[in-house]
>>> print(open('run.pdb').read())   # PDB, C-alpha atoms and all ligand atoms
ATOM      1  CA  MET A   1      43.410  -2.117  21.508  1.00  0.00           C
ATOM      2  CA  MET A   2      40.049  -3.570  22.360  1.00  0.00           C
ATOM      3  CA  THR A   3      37.132  -1.779  20.801  1.00  0.00           C
ATOM      4  CA  SER A   4      34.428  -1.025  23.332  1.00  0.00           C
ATOM      5  CA  LEU A   5      30.790  -1.763  22.715  1.00  0.00           C
ATOM      6  CA  VAL A   6      30.047   1.942  22.557  1.00  0.00           C
ATOM      7  CA  GLN A   7      32.799   2.521  20.016  1.00  0.00           C
ATOM      8  CA  ARG A   8      31.465  -0.331  17.970  1.00  0.00           C
ATOM      9  CA  ALA A   9      28.007   1.120  18.320  1.00  0.00           C
ATOM     10  CA  LEU A  10      29.259   4.459  17.035  1.00  0.00           C
ATOM     11  CA  LEU A  11      30.950   2.748  14.090  1.00  0.00           C
ATOM     12  CA  THR A  12      27.691   0.954  13.360  1.00  0.00           C
ATOM     13  CA  VAL A  13      25.797   4.225  13.542  1.00  0.00           C
ATOM     14  CA  LEU A  14      28.299   5.954  11.257  1.00  0.00           C
ATOM     15  CA  GLY A  15      28.105   3.048   8.837  1.00  0.00           C
ATOM     16  CA  ALA A  16      24.335   3.270   8.894  1.00  0.00           C
ATOM     17  CA  LEU A  17      24.445   7.021   8.302  1.00  0.00           C
ATOM     18  CA  LEU A  18      26.672   6.485   5.275  1.00  0.00           C
ATOM     19  CA  LEU A  19      24.063   4.093   3.927  1.00  0.00           C
ATOM     20  CA  ALA A  20      21.201   6.414   4.853  1.00  0.00           C
ATOM     21  CA  PRO A  21      20.276   7.425   1.270  1.00  0.00           C
ATOM     22  CA  MET A  22      18.953   3.887   0.779  1.00  0.00           C
ATOM     23  CA  ALA A  23      15.199   4.286   0.761  1.00  0.00           C
ATOM     24  CA  ALA A  24      13.493   2.299   3.503  1.00  0.00           C
ATOM     25  CA  GLN A  25      10.060   3.606   2.543  1.00  0.00           C
ATOM     26  CA  ALA A  26       9.946   3.311  -1.210  1.00  0.00           C
ATOM     27  CA  GLN A  27       6.604   4.221  -2.689  1.00  0.00           C
ATOM     28  CA  TYR A  28       5.407   2.655  -5.910  1.00  0.00           C
ATOM     29  CA  SER A  29       2.215   2.919  -7.924  1.00  0.00           C
ATOM     30  CA  LEU A  30       0.461   1.071 -10.732  1.00  0.00           C
ATOM     31  CA  THR A  31      -2.351   2.625 -12.811  1.00  0.00           C
ATOM     32  CA  THR A  32      -4.962   0.987 -15.027  1.00  0.00           C
ATOM     33  CA  GLU A  33      -6.465   3.996 -16.809  1.00  0.00           C
ATOM     34  CA  PHE A  34      -8.658   7.046 -16.161  1.00  0.00           C
ATOM     35  CA  THR A  35     -10.470   7.072 -19.519  1.00  0.00           C
ATOM     36  CA  GLY A  36     -13.506   4.956 -18.630  1.00  0.00           C
ATOM     37  CA  THR A  37     -16.940   6.325 -19.526  1.00  0.00           C
ATOM     38  CA  ASN A  38     -19.099   3.600 -17.989  1.00  0.00           C
ATOM     39  CA  GLN A  39     -20.138   4.057 -14.378  1.00  0.00           C
ATOM     40  CA  TYR A  40     -21.708   2.576 -11.294  1.00  0.00           C
ATOM     41  CA  HIS A  41     -20.877   2.383  -7.623  1.00  0.00           C
ATOM     42  CA  GLY A  42     -17.574   0.553  -7.913  1.00  0.00           C
ATOM     43  CA  ASN A  43     -15.510  -2.427  -8.968  1.00  0.00           C
ATOM     44  CA  ILE A  44     -14.159  -5.742  -7.818  1.00  0.00           C
ATOM     45  CA  PHE A  45     -10.748  -6.593  -9.265  1.00  0.00           C
ATOM     46  CA  ASP A  46      -8.010  -9.132  -8.566  1.00  0.00           C
ATOM     47  CA  VAL A  47      -4.353  -8.307  -8.185  1.00  0.00           C
ATOM     48  CA  TYR A  48      -1.379 -10.657  -8.094  1.00  0.00           C
ATOM     49  CA  ALA A  49       1.741  -9.846  -6.089  1.00  0.00           C
ATOM     50  CA  VAL A  50       4.903 -10.875  -7.938  1.00  0.00           C
ATOM     51  CA  ASN A  51       6.895  -9.639  -4.944  1.00  0.00           C
ATOM     52  CA  SER A  52       5.552  -8.998  -1.440  1.00  0.00           C
ATOM     53  CA  VAL A  53       3.785  -5.663  -1.459  1.00  0.00           C
ATOM     54  CA  VAL A  54       1.848  -3.574   1.006  1.00  0.00           C
ATOM     55  CA  VAL A  55      -0.985  -1.601  -0.540  1.00  0.00           C
ATOM     56  CA  THR A  56      -1.125   1.832   1.064  1.00  0.00           C
ATOM     57  CA  ASP A  57      -3.707   3.762  -0.972  1.00  0.00           C
ATOM     58  CA  PHE A  58      -5.921   3.900  -4.043  1.00  0.00           C
ATOM     59  CA  ASP A  59      -6.811   6.663  -6.477  1.00  0.00           C
ATOM     60  CA  VAL A  60     -10.269   6.478  -8.056  1.00  0.00           C
ATOM     61  CA  ASN A  61     -11.988   8.036 -11.101  1.00  0.00           C
ATOM     62  CA  THR A  62     -15.081   9.895  -9.927  1.00  0.00           C
ATOM     63  CA  VAL A  63     -18.118  10.692 -12.043  1.00  0.00           C
ATOM     64  CA  GLY A  64     -18.802  13.652  -9.768  1.00  0.00           C
ATOM     65  CA  THR A  65     -17.130  16.914 -10.701  1.00  0.00           C
ATOM     66  CA  ALA A  66     -14.322  18.471  -8.693  1.00  0.00           C
ATOM     67  CA  GLY A  67     -15.501  19.350  -5.207  1.00  0.00           C
ATOM     68  CA  THR A  68     -18.138  16.630  -4.974  1.00  0.00           C
ATOM     69  CA  PRO A  69     -18.004  14.855  -1.596  1.00  0.00           C
ATOM     70  CA  TYR A  70     -17.589  11.074  -1.741  1.00  0.00           C
ATOM     71  CA  THR A  71     -17.699   8.273   0.788  1.00  0.00           C
ATOM     72  CA  ILE A  72     -15.602   5.357  -0.483  1.00  0.00           C
ATOM     73  CA  GLU A  73     -15.420   1.872   1.023  1.00  0.00           C
ATOM     74  CA  VAL A  74     -12.501  -0.454   0.357  1.00  0.00           C
ATOM     75  CA  TYR A  75     -12.986  -4.178   0.971  1.00  0.00           C
ATOM     76  CA  THR A  76     -10.480  -6.949   0.438  1.00  0.00           C
ATOM     77  CA  MET A  77     -10.196 -10.729   0.497  1.00  0.00           C
ATOM     78  CA  VAL A  78      -7.441 -13.282   0.001  1.00  0.00           C
ATOM     79  CA  GLY A  79      -7.722 -14.998  -3.370  1.00  0.00           C
ATOM     80  CA  SER A  80      -9.916 -14.094  -6.323  1.00  0.00           C
ATOM     81  CA  GLY A  81     -13.103 -12.172  -5.597  1.00  0.00           C
ATOM     82  CA  MET A  82     -14.694 -12.906  -8.958  1.00  0.00           C
ATOM     83  CA  THR A  83     -17.165 -15.453  -7.601  1.00  0.00           C
ATOM     84  CA  GLU A  84     -17.661 -13.693  -4.243  1.00  0.00           C
ATOM     85  CA  TRP A  85     -19.232 -10.453  -5.475  1.00  0.00           C
ATOM     86  CA  ASP A  86     -22.571 -11.249  -3.778  1.00  0.00           C
ATOM     87  CA  ASN A  87     -21.056 -12.716  -0.602  1.00  0.00           C
ATOM     88  CA  PRO A  88     -20.238  -9.904   1.858  1.00  0.00           C
ATOM     89  CA  LYS A  89     -19.041 -12.460   4.432  1.00  0.00           C
ATOM     90  CA  ALA A  90     -16.057 -13.274   2.209  1.00  0.00           C
ATOM     91  CA  TRP A  91     -14.794  -9.699   2.453  1.00  0.00           C
ATOM     92  CA  THR A  92     -13.092  -7.558   5.067  1.00  0.00           C
ATOM     93  CA  LEU A  93     -13.742  -3.828   5.169  1.00  0.00           C
ATOM     94  CA  VAL A  94     -10.312  -2.216   5.100  1.00  0.00           C
ATOM     95  CA  GLU A  95     -11.494   1.357   5.552  1.00  0.00           C
ATOM     96  CA  THR A  96     -14.251   3.854   4.832  1.00  0.00           C
ATOM     97  CA  VAL A  97     -12.934   7.235   3.739  1.00  0.00           C
ATOM     98  CA  ASN A  98     -14.530  10.591   3.009  1.00  0.00           C
ATOM     99  CA  VAL A  99     -12.885  12.404   0.132  1.00  0.00           C
ATOM    100  CA  THR A 100     -13.512  15.355  -2.129  1.00  0.00           C
ATOM    101  CA  ALA A 101     -13.554  14.451  -5.816  1.00  0.00           C
ATOM    102  CA  ASN A 102     -10.984  15.871  -8.210  1.00  0.00           C
ATOM    103  CA  GLY A 103     -13.426  15.206 -11.043  1.00  0.00           C
ATOM    104  CA  PRO A 104     -13.764  12.668 -13.863  1.00  0.00           C
ATOM    105  CA  GLY A 105     -10.728  11.551 -15.814  1.00  0.00           C
ATOM    106  CA  VAL A 106      -8.234  12.409 -13.087  1.00  0.00           C
ATOM    107  CA  ALA A 107      -7.038  10.716  -9.929  1.00  0.00           C
ATOM    108  CA  THR A 108      -8.811  11.256  -6.625  1.00  0.00           C
ATOM    109  CA  PRO A 109      -6.567   9.805  -3.888  1.00  0.00           C
ATOM    110  CA  LEU A 110      -8.419   8.142  -1.017  1.00  0.00           C
ATOM    111  CA  GLY A 111      -5.784   9.063   1.573  1.00  0.00           C
ATOM    112  CA  MET A 112      -6.148   5.742   3.378  1.00  0.00           C
ATOM    113  CA  THR A 113      -4.609   5.132   6.784  1.00  0.00           C
ATOM    114  CA  GLN A 114      -4.989   1.329   6.693  1.00  0.00           C
ATOM    115  CA  THR A 115      -2.811  -0.960   4.597  1.00  0.00           C
ATOM    116  CA  VAL A 116      -3.177  -4.403   3.037  1.00  0.00           C
ATOM    117  CA  SER A 117      -0.187  -6.773   2.862  1.00  0.00           C
ATOM    118  CA  ILE A 118      -0.026  -9.196  -0.057  1.00  0.00           C
ATOM    119  CA  PRO A 119       2.590 -11.967   0.141  1.00  0.00           C
ATOM    120  CA  ALA A 120       4.660 -12.723  -2.955  1.00  0.00           C
ATOM    121  CA  GLY A 121       3.073 -15.208  -5.303  1.00  0.00           C
ATOM    122  CA  THR A 122      -0.492 -14.723  -4.099  1.00  0.00           C
ATOM    123  CA  THR A 123      -3.727 -13.247  -5.440  1.00  0.00           C
ATOM    124  CA  GLN A 124      -5.720 -10.672  -3.487  1.00  0.00           C
ATOM    125  CA  SER A 125      -9.017  -9.096  -4.472  1.00  0.00           C
ATOM    126  CA  PHE A 126     -10.280  -5.580  -3.822  1.00  0.00           C
ATOM    127  CA  TYR A 127     -13.761  -4.109  -3.890  1.00  0.00           C
ATOM    128  CA  VAL A 128     -13.623  -0.330  -4.169  1.00  0.00           C
ATOM    129  CA  THR A 129     -17.062   1.274  -4.027  1.00  0.00           C
ATOM    130  CA  THR A 130     -19.009   4.363  -3.113  1.00  0.00           C
ATOM    131  CA  ASP A 131     -21.680   4.169  -0.428  1.00  0.00           C
ATOM    132  CA  GLY A 132     -24.357   3.868  -3.118  1.00  0.00           C
ATOM    133  CA  GLY A 133     -27.195   6.161  -4.171  1.00  0.00           C
ATOM    134  CA  THR A 134     -26.221   8.436  -7.031  1.00  0.00           C
ATOM    135  CA  SER A 135     -22.555   8.495  -6.023  1.00  0.00           C
ATOM    136  CA  TYR A 136     -20.787   6.882  -8.966  1.00  0.00           C
ATOM    137  CA  LEU A 137     -17.278   5.953 -10.053  1.00  0.00           C
ATOM    138  CA  HIS A 138     -16.085   5.700 -13.643  1.00  0.00           C
ATOM    139  CA  TYR A 139     -14.775   2.425 -15.025  1.00  0.00           C
ATOM    140  CA  SER A 140     -14.123   0.983 -18.469  1.00  0.00           C
ATOM    141  CA  ASN A 141     -15.810  -1.474 -20.744  1.00  0.00           C
ATOM    142  CA  THR A 142     -13.160  -3.630 -22.337  1.00  0.00           C
ATOM    143  CA  LYS A 143     -12.716  -6.152 -25.131  1.00  0.00           C
ATOM    144  CA  LEU A 144     -10.570  -8.163 -22.726  1.00  0.00           C
ATOM    145  CA  ALA A 145     -12.185 -10.930 -20.714  1.00  0.00           C
ATOM    146  CA  GLN A 146     -12.786 -11.064 -16.988  1.00  0.00           C
ATOM    147  CA  GLY A 147      -9.609 -12.422 -15.452  1.00  0.00           C
ATOM    148  CA  ASP A 148      -7.331 -11.086 -18.207  1.00  0.00           C
ATOM    149  CA  LEU A 149      -4.213  -9.239 -17.135  1.00  0.00           C
ATOM    150  CA  PHE A 150      -4.554  -5.525 -17.914  1.00  0.00           C
ATOM    151  CA  VAL A 151      -1.424  -3.930 -16.488  1.00  0.00           C
ATOM    152  CA  SER A 152       1.631  -4.983 -14.506  1.00  0.00           C
ATOM    153  CA  ASP A 153       5.002  -3.835 -13.227  1.00  0.00           C
ATOM    154  CA  ALA A 154       7.867  -5.674 -11.564  1.00  0.00           C
ATOM    155  CA  ASN A 155       5.872  -6.195  -8.352  1.00  0.00           C
ATOM    156  CA  LEU A 156       2.152  -6.190  -9.079  1.00  0.00           C
ATOM    157  CA  GLU A 157      -0.442  -7.236 -11.676  1.00  0.00           C
ATOM    158  CA  ILE A 158      -4.002  -5.845 -12.041  1.00  0.00           C
ATOM    159  CA  TYR A 159      -6.698  -7.944 -13.745  1.00  0.00           C
ATOM    160  CA  VAL A 160      -9.981  -7.201 -15.502  1.00  0.00           C
ATOM    161  CA  GLY A 161     -12.889  -7.739 -13.126  1.00  0.00           C
ATOM    162  CA  LEU A 162     -16.403  -6.602 -12.341  1.00  0.00           C
ATOM    163  CA  GLY A 163     -18.440  -3.423 -12.247  1.00  0.00           C
ATOM    164  CA  MET A 164     -20.581  -3.348  -9.106  1.00  0.00           C
ATOM    165  CA  ALA A 165     -23.798  -1.951  -7.757  1.00  0.00           C
ATOM    166  CA  SER A 166     -23.347  -1.255  -4.046  1.00  0.00           C
ATOM    167  CA  PRO A 167     -23.361  -3.067  -1.741  1.00  0.00           C
ATOM    168  CA  PHE A 168     -22.693  -6.524  -3.207  1.00  0.00           C
ATOM    169  CA  VAL A 169     -25.958  -6.170  -5.174  1.00  0.00           C
ATOM    170  CA  SER A 170     -25.193  -6.887  -8.821  1.00  0.00           C
ATOM    171  CA  SER A 171     -22.189  -7.246 -11.071  1.00  0.00           C
ATOM    172  CA  PHE A 172     -21.315  -6.461 -14.663  1.00  0.00           C
ATOM    173  CA  SER A 173     -18.527  -8.232 -16.518  1.00  0.00           C
ATOM    174  CA  PRO A 174     -16.011  -7.696 -17.907  1.00  0.00           C
ATOM    175  CA  ARG A 175     -15.237  -4.259 -16.471  1.00  0.00           C
ATOM    176  CA  LEU A 176     -11.921  -2.555 -15.856  1.00  0.00           C
ATOM    177  CA  TRP A 177     -11.457  -0.636 -12.604  1.00  0.00           C
ATOM    178  CA  ASN A 178     -10.128   2.861 -13.214  1.00  0.00           C
ATOM    179  CA  GLY A 179      -7.511   3.908 -10.727  1.00  0.00           C
ATOM    180  CA  THR A 180      -4.067   3.699  -9.226  1.00  0.00           C
ATOM    181  CA  ILE A 181      -2.779   1.348  -6.552  1.00  0.00           C
ATOM    182  CA  HIS A 182      -0.101   2.873  -4.326  1.00  0.00           C
ATOM    183  CA  TYR A 183       2.115   0.350  -2.590  1.00  0.00           C
ATOM    184  CA  ASP A 184       5.393  -0.281  -0.820  1.00  0.00           C
ATOM    185  CA  VAL A 185       7.853  -3.103  -1.277  1.00  0.00           C
ATOM    186  CA  GLY A 186      10.759  -4.340   0.781  1.00  0.00           C
ATOM    187  CA  GLU A 187      11.346  -3.781   4.490  1.00  0.00           C
ATOM    188  CA  PHE A 188       9.282  -0.603   4.346  1.00  0.00           C
ATOM    189  CA  ASP A 189       8.542  -0.372   8.095  1.00  0.00           C
ATOM    190  CA  CYS A 190      11.629  -0.677  10.291  1.00  0.00           C
ATOM    191  CA  SER A 191       9.825  -0.866  13.639  1.00  0.00           C
ATOM    192  CA  ASN A 192       6.664  -2.955  13.159  1.00  0.00           C
ATOM    193  CA  GLY A 193       8.238  -6.243  14.305  1.00  0.00           C
ATOM    194  CA  LEU A 194       7.411  -7.817  10.942  1.00  0.00           C
ATOM    195  CA  ASP A 195       9.562  -9.118   8.119  1.00  0.00           C
ATOM    196  CA  ASP A 196       7.692  -7.029   5.564  1.00  0.00           C
ATOM    197  CA  ASP A 197       9.446  -8.448   2.512  1.00  0.00           C
ATOM    198  CA  ASN A 198       9.825 -12.032   3.760  1.00  0.00           C
ATOM    199  CA  ASP A 199      13.601 -12.125   3.248  1.00  0.00           C
ATOM    200  CA  GLY A 200      14.287 -13.478   6.748  1.00  0.00           C
ATOM    201  CA  ALA A 201      15.453 -10.146   8.192  1.00  0.00           C
ATOM    202  CA  VAL A 202      13.071  -8.274  10.495  1.00  0.00           C
ATOM    203  CA  ASP A 203      13.162  -4.485  10.885  1.00  0.00           C
ATOM    204  CA  CYS A 204      16.687  -3.294  11.780  1.00  0.00           C
ATOM    205  CA  MET A 205      18.200  -6.659  10.872  1.00  0.00           C
ATOM    206  CA  ASP A 206      17.287  -5.900   7.259  1.00  0.00           C
ATOM    207  CA  THR A 207      19.933  -3.882   5.397  1.00  0.00           C
ATOM    208  CA  GLU A 208      17.149  -1.809   3.855  1.00  0.00           C
ATOM    209  CA  CYS A 209      16.544  -0.320   7.320  1.00  0.00           C
ATOM    210  CA  TRP A 210      20.124   0.749   7.887  1.00  0.00           C
ATOM    211  CA  GLY A 211      19.996   4.477   8.288  1.00  0.00           C
ATOM    212  CA  ASP A 212      16.398   4.483   9.462  1.00  0.00           C
ATOM    213  CA  ALA A 213      15.895   6.528  12.644  1.00  0.00           C
ATOM    214  CA  ALA A 214      14.273   3.590  14.441  1.00  0.00           C
ATOM    215  CA  CYS A 215      17.381   1.487  13.931  1.00  0.00           C
ATOM    216  CA  LEU A 216      19.826   4.177  15.029  1.00  0.00           C
ATOM    217  CA  LEU A 217      17.957   4.337  18.318  1.00  0.00           C
ATOM    218  CA  ASP A 218      18.088   0.544  18.631  1.00  0.00           C
ATOM    219  CA  VAL A 219      21.875   0.614  18.387  1.00  0.00           C
ATOM    220  CA  ALA A 220      22.131   3.334  21.045  1.00  0.00           C
ATOM    221  CA  VAL A 221      19.789   1.864  23.660  1.00  0.00           C
ATOM    222  CA  PHE A 222      21.466  -1.528  23.360  1.00  0.00           C
ATOM    223  CA  HIS A 223      24.226  -0.206  25.611  1.00  0.00           C
ATOM    224  CA  THR A 224      24.031   0.348  29.348  1.00  0.00           C
ATOM    225  CA  ASP A 225      26.198   3.462  29.807  1.00  0.00           C
ATOM    226  CA  SER A 226      23.362   5.967  29.863  1.00  0.00           C
ATOM    227  CA  SER A 227      25.586   9.032  29.649  1.00  0.00           C
ATOM    228  CA  LEU A 228      27.266   7.747  26.505  1.00  0.00           C
ATOM    229  CA  VAL A 229      23.944   6.643  25.087  1.00  0.00           C
ATOM    230  CA  GLY A 230      22.618  10.115  25.721  1.00  0.00           C
ATOM    231  CA  ASP A 231      25.697  11.542  24.029  1.00  0.00           C
ATOM    232  CA  ILE A 232      25.151   9.365  20.974  1.00  0.00           C
ATOM    233  CA  GLN A 233      21.472  10.252  20.824  1.00  0.00           C
ATOM    234  CA  SER A 234      22.099  13.992  21.190  1.00  0.00           C
ATOM    235  CA  LYS A 235      24.803  13.870  18.528  1.00  0.00           C
ATOM    236  CA  LEU A 236      22.406  12.072  16.210  1.00  0.00           C
ATOM    237  CA  ALA A 237      19.720  14.621  16.989  1.00  0.00           C
ATOM    238  CA  GLY A 238      22.149  17.453  16.397  1.00  0.00           C
ATOM    239  CA  THR A 239      21.680  18.801  19.921  1.00  0.00           C
ATOM    240  CA  GLY A 240      25.049  17.836  21.401  1.00  0.00           C
TER     241      GLY A 240
HETATM  242 CA    CA B   1      12.905  -8.124   5.656  1.00  0.00          CA
HETATM  243 CA    CA B   2       9.425  -4.499   9.358  1.00  0.00          CA
END
>>> encode(input="run.pdb", output="structure tokens")
Amino acid sequence: MMTSLVQRALLTVLGALLLAPMAAQAQYSLTTEFTGTNQYHGNIFDVYAVNSVVVTDFDVNTVGTAGTPYTIEVYTMVGSGMTEWDNPKAWTLVETVNVTANGPGVATPLGMTQTVSIPAGTTQSFYVTTDGGTSYLHYSNTKLAQGDLFVSDANLEIYVGLGMASPFVSSFSPRLWNGTIHYDVGEFDCSNGLDDDNDGAVDCMDTECWGDAACLLDVAVFHTDSSLVGDIQSKLAGTG
């Protein structure tokens, strides 16, 4: 018996549902430390992506006590930023966020809405800073040298960099940024039209997206029998 497109679609959907526990939006993080006692407006530090990553957020170490309002600016550039600390034109402002400090020695998440993609095998630099004045972040003095690797995991490496007076005014070296980088790996977004992890498979073509809601819908709308498509969609939504 010939299997219809819709039947095949249903089999595909069922197969995808069986694979659904596979995480399409894995969230990883890498922390330097939160023990720094030196302070100024911020830091410039290089990271190296072992695998393709997408940076989604940062935690910072505030000097201000819990409840203190902060305005934090995150800049980035491709390549090392170590010699570009006084060259604003080299940098792109990723986002300016207003946050309430959790206090020194603990993480204050920025809650960013913008992301930064870093291809595998490349260096990217970040400049995380307050908006100046007496708004300070903690960072660490270190016996390591500028450019030394401080911490790494399977996907990402964070290097010793610079302490900074805002904006792009003066630098102190070597200084270790205090904070956490939150990031995703793999085909983390199944509907952005991009091959996030550079494995040749875009969105729903990537097995990591099987089971993702965006891809279930793709399978259903591929077919022209609208009543059956509606049936599939309502079954998936639990309304049929
Ligand atoms: Ca992919
Ligand atoms: Ca994608």
>>> closest_atom_pairs(input="run.pdb", of="chain A", to="ligand CA 1 (chain B)", cutoff="6 Å", atoms="only C-alpha atoms and all ligand atoms", output="CSV")
residue,atom,partner,partner_atom,distance
A:Glu187,CA,B:CA1,CA,4.8
A:Asp195,CA,B:CA1,CA,4.3
A:Asp196,CA,B:CA1,CA,5.3
A:Asp197,CA,B:CA1,CA,4.7
A:Asn198,CA,B:CA1,CA,5.3
A:Asp199,CA,B:CA1,CA,4.7
A:Gly200,CA,B:CA1,CA,5.6
A:Ala201,CA,B:CA1,CA,4.1
A:Val202,CA,B:CA1,CA,4.8
A:Asp206,CA,B:CA1,CA,5.2
>>> resolve_selection(input="run.pdb", expression="the PyMOL selection byres (((chain A and resi 53) around 12) and not hetatm)", output="VMD selection string")
chain A and resid 25 to 30 47 to 52 54 to 56 115 to 124 153 to 157 181 to 189 195 to 198
>>> resolve_selection(input="run.pdb", expression="the PyMOL selection byres (((chain A and resi 159-166) around 7) and not hetatm)", output="PDB file with C-alpha atoms, keeping the file's coordinate frame")
ATOM      1  CA  TYR A  40     -21.708   2.576 -11.294  1.00  0.00           C
ATOM      2  CA  HIS A  41     -20.877   2.383  -7.623  1.00  0.00           C
ATOM      3  CA  GLY A  42     -17.574   0.553  -7.913  1.00  0.00           C
ATOM      4  CA  ASN A  43     -15.510  -2.427  -8.968  1.00  0.00           C
ATOM      5  CA  ILE A  44     -14.159  -5.742  -7.818  1.00  0.00           C
ATOM      6  CA  PHE A  45     -10.748  -6.593  -9.265  1.00  0.00           C
ATOM      7  CA  ASP A  46      -8.010  -9.132  -8.566  1.00  0.00           C
ATOM      8  CA  VAL A  47      -4.353  -8.307  -8.185  1.00  0.00           C
ATOM      9  CA  MET A  82     -14.694 -12.906  -8.958  1.00  0.00           C
ATOM     10  CA  THR A 129     -17.062   1.274  -4.027  1.00  0.00           C
ATOM     11  CA  ASP A 131     -21.680   4.169  -0.428  1.00  0.00           C
ATOM     12  CA  GLY A 132     -24.357   3.868  -3.118  1.00  0.00           C
ATOM     13  CA  ALA A 145     -12.185 -10.930 -20.714  1.00  0.00           C
ATOM     14  CA  GLN A 146     -12.786 -11.064 -16.988  1.00  0.00           C
ATOM     15  CA  GLY A 147      -9.609 -12.422 -15.452  1.00  0.00           C
ATOM     16  CA  ASP A 148      -7.331 -11.086 -18.207  1.00  0.00           C
ATOM     17  CA  LEU A 149      -4.213  -9.239 -17.135  1.00  0.00           C
ATOM     18  CA  PHE A 150      -4.554  -5.525 -17.914  1.00  0.00           C
ATOM     19  CA  GLU A 157      -0.442  -7.236 -11.676  1.00  0.00           C
ATOM     20  CA  ILE A 158      -4.002  -5.845 -12.041  1.00  0.00           C
ATOM     21  CA  PRO A 167     -23.361  -3.067  -1.741  1.00  0.00           C
ATOM     22  CA  PHE A 168     -22.693  -6.524  -3.207  1.00  0.00           C
ATOM     23  CA  VAL A 169     -25.958  -6.170  -5.174  1.00  0.00           C
ATOM     24  CA  SER A 170     -25.193  -6.887  -8.821  1.00  0.00           C
ATOM     25  CA  SER A 171     -22.189  -7.246 -11.071  1.00  0.00           C
ATOM     26  CA  PHE A 172     -21.315  -6.461 -14.663  1.00  0.00           C
ATOM     27  CA  SER A 173     -18.527  -8.232 -16.518  1.00  0.00           C
ATOM     28  CA  PRO A 174     -16.011  -7.696 -17.907  1.00  0.00           C
ATOM     29  CA  ARG A 175     -15.237  -4.259 -16.471  1.00  0.00           C
ATOM     30  CA  LEU A 176     -11.921  -2.555 -15.856  1.00  0.00           C
TER      31      LEU A 176
END
>>> residues_near_point(input="run.pdb", point="(-16.2, 4.7, -19.8)", cutoff="7 Å", atoms="all atoms listed in the file", output="ChimeraX atom specification")
/A:35-39,138-141
>>> residues_around(input="run.pdb", residues="Ala101 (chain A)", least_positions_apart="4", cutoff="9 Å", atoms="all atoms listed in the file", output="PyMOL selection string")
chain A and resi 60-70+107-109
>>> resolve_selection(input="run.pdb", expression="the PyMOL selection byres (((chain A and resi 88-93) around 9) and not hetatm)", output="PyMOL selection string")
chain A and resi 73-78+81+84-87+94-96+126-127+167-168
>>> write_last_selection(input="run.pdb", atoms="C-alpha atoms", output="PDB file, in the frame of the given file")
ATOM      1  CA  GLU A  73     -15.420   1.872   1.023  1.00  0.00           C
ATOM      2  CA  VAL A  74     -12.501  -0.454   0.357  1.00  0.00           C
ATOM      3  CA  TYR A  75     -12.986  -4.178   0.971  1.00  0.00           C
ATOM      4  CA  THR A  76     -10.480  -6.949   0.438  1.00  0.00           C
ATOM      5  CA  MET A  77     -10.196 -10.729   0.497  1.00  0.00           C
ATOM      6  CA  VAL A  78      -7.441 -13.282   0.001  1.00  0.00           C
ATOM      7  CA  GLY A  81     -13.103 -12.172  -5.597  1.00  0.00           C
ATOM      8  CA  GLU A  84     -17.661 -13.693  -4.243  1.00  0.00           C
ATOM      9  CA  TRP A  85     -19.232 -10.453  -5.475  1.00  0.00           C
ATOM     10  CA  ASP A  86     -22.571 -11.249  -3.778  1.00  0.00           C
ATOM     11  CA  ASN A  87     -21.056 -12.716  -0.602  1.00  0.00           C
ATOM     12  CA  VAL A  94     -10.312  -2.216   5.100  1.00  0.00           C
ATOM     13  CA  GLU A  95     -11.494   1.357   5.552  1.00  0.00           C
ATOM     14  CA  THR A  96     -14.251   3.854   4.832  1.00  0.00           C
ATOM     15  CA  PHE A 126     -10.280  -5.580  -3.822  1.00  0.00           C
ATOM     16  CA  TYR A 127     -13.761  -4.109  -3.890  1.00  0.00           C
ATOM     17  CA  PRO A 167     -23.361  -3.067  -1.741  1.00  0.00           C
ATOM     18  CA  PHE A 168     -22.693  -6.524  -3.207  1.00  0.00           C
TER      19      PHE A 168
END
>>> atom_distance(input="run.pdb", atom1="CA of Ser152 (chain A)", atom2="CA of Gly111 (chain A)")
22.6 Å
>>> closest_residue(input="run.pdb", among="A:Thr71, A:Ser80, A:Thr130, A:Ser191", to="ligand CA 2 (chain B)", atoms="only C-alpha atoms and all ligand atoms")
A:Ser191
>>> closest_residue(input="run.pdb", among="A:Ala214, A:Met205, A:Val106, A:Leu144", to="Asn178 (chain A)", atoms="all atoms listed in the file")
A:Val106
>>> atom_distance(input="run.pdb", atom1="CA of Trp177 (chain A)", atom2="CA of Gln114 (chain A)")
20.4 Å
>>> atom_distance(input="run.pdb", atom1="CA of Gly105 (chain A)", atom2="CA of Phe34 (chain A)")
5.0 Å
>>> closest_residue(input="run.pdb", among="A:Cys209, A:Cys190, A:Cys215, A:Cys204", to="ligand CA 2 (chain B)", atoms="only C-alpha atoms and all ligand atoms")
A:Cys190
>>> closest_residue(input="run.pdb", among="A:Phe58, A:Ile72, A:Ser135, A:Asn192", to="ligand CA 2 (chain B)", atoms="only C-alpha atoms and all ligand atoms")
A:Asn192
>>> closest_residue(input="run.pdb", among="A:Val99, A:Thr31, A:Gly133, A:Asp203", to="Val151 (chain A)", atoms="only C-alpha atoms")
A:Thr31
>>> closest_residue(input="run.pdb", among="A:Asn102, A:Thr32, A:Thr207, A:Thr134", to="ligand CA 2 (chain B)", atoms="all atoms listed in the file")
A:Thr207
